[in-house]
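What follows is a single structure, written as C-alpha cells, with notes after it.
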Amino acid sequence: MGRIHAVLADGTVVKNVEVFQRVYAALGMGWMYAPTKWPLIGTLVNKIYALWANQRLAMTGRASLATVIAERQQKIECAAEGRCHVQTDHSETSIASVE
C-alpha cells in the first residue's frame, strides 16, 4: 500500500506528511504537526513516514495490497458465476464454489 494523498479544492495533489499537516490545521489542531514543518524535524518525519507507509501492512501482520485486490477480484468473478466461499490465510488465496 502506498502513501497517503489528498486533492485540494483547486485540484492540487498533496501527499505524505503534508496531508496530515493540512488536515490537522483544518481541524484547528495544526499545532500538533507544526514541528514537522521545521527543516530538521520535517526531513526526519518524512523519512520515517516513507518507511512506515511502505511497510505498514507487513509490520501490522496484514496481507499485501496485491493479495487484498486479488481476493476482491476473485469474489467478484465468483459472484457472477454463483455462490462462493473465500478461504484466506494470506499465504495463498483460493476460492471454491459452494453448491
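Letters for chains follow the order of the C-alpha cells (A, B, ...), residue numbers begin at 1 for each chain, and ligand numbers begin at 1 in the order shown.
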
Report the closest atom pair, with its distance in Å rounded to one decimal, for each residue of segment 12-47 of chain A that has an atom no farther than 12 Å from segment 52-64 of chain A; count only C-alpha atoms, sort by chain and then rising residue number, and write it as a tab-separated table.
residue	atom	partner	partner_atom	distance
A:Lys15	CA	A:Ala53	CA	11.3
A:Asn16	CA	A:Ala53	CA	8.6
A:Val17	CA	A:Ala53	CA	10.5
A:Val45	CA	A:Trp52	CA	10.3
A:Asn46	CA	A:Trp52	CA	9.8
A:Lys47	CA	A:Trp52	CA	8.7

- Message: Could you go through segment 3-93 of chain A and tell me which residues DSSP, when run on the backbone, assigns to helix (DSSP H, G or I), listing them as a ChimeraX atom specification?
- Response: /A:17-26,30-32,34-37,39-59,65-81

- Task: Can you pull out every residue within 8 Å of Tyr33 of chain A, counting only C-alpha atoms, but drop anything in the same chain fewer than 4 positions away, and send it as a PyMOL selection string?
- Result: chain A and resi 20-21+24+29+37

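Taking atom CA of Arg3 of chain A as the reference point, atom CA of Ile48 of chain A is found at 11.9 Å.
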
- Task: Would you please work out which residue, of A:Val7, A:Gly30, A:Glu18, A:Lys75, is nearest to Thr43 of chain A when using only C-alpha atoms?
- Result: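 The closest residue to Thr43 of chain A is A:Glu18.
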
- Please measure the separation of atom CA of Thr36 of chain A and atom CA of Val23 of chain A, giving the value in Å to one decimal. 13.4 Å

- Query: Separation of atom CA of Ala26 of chain A and atom CA of Trp38 of chain A, in Å?
  - Reply: 19.1 Å
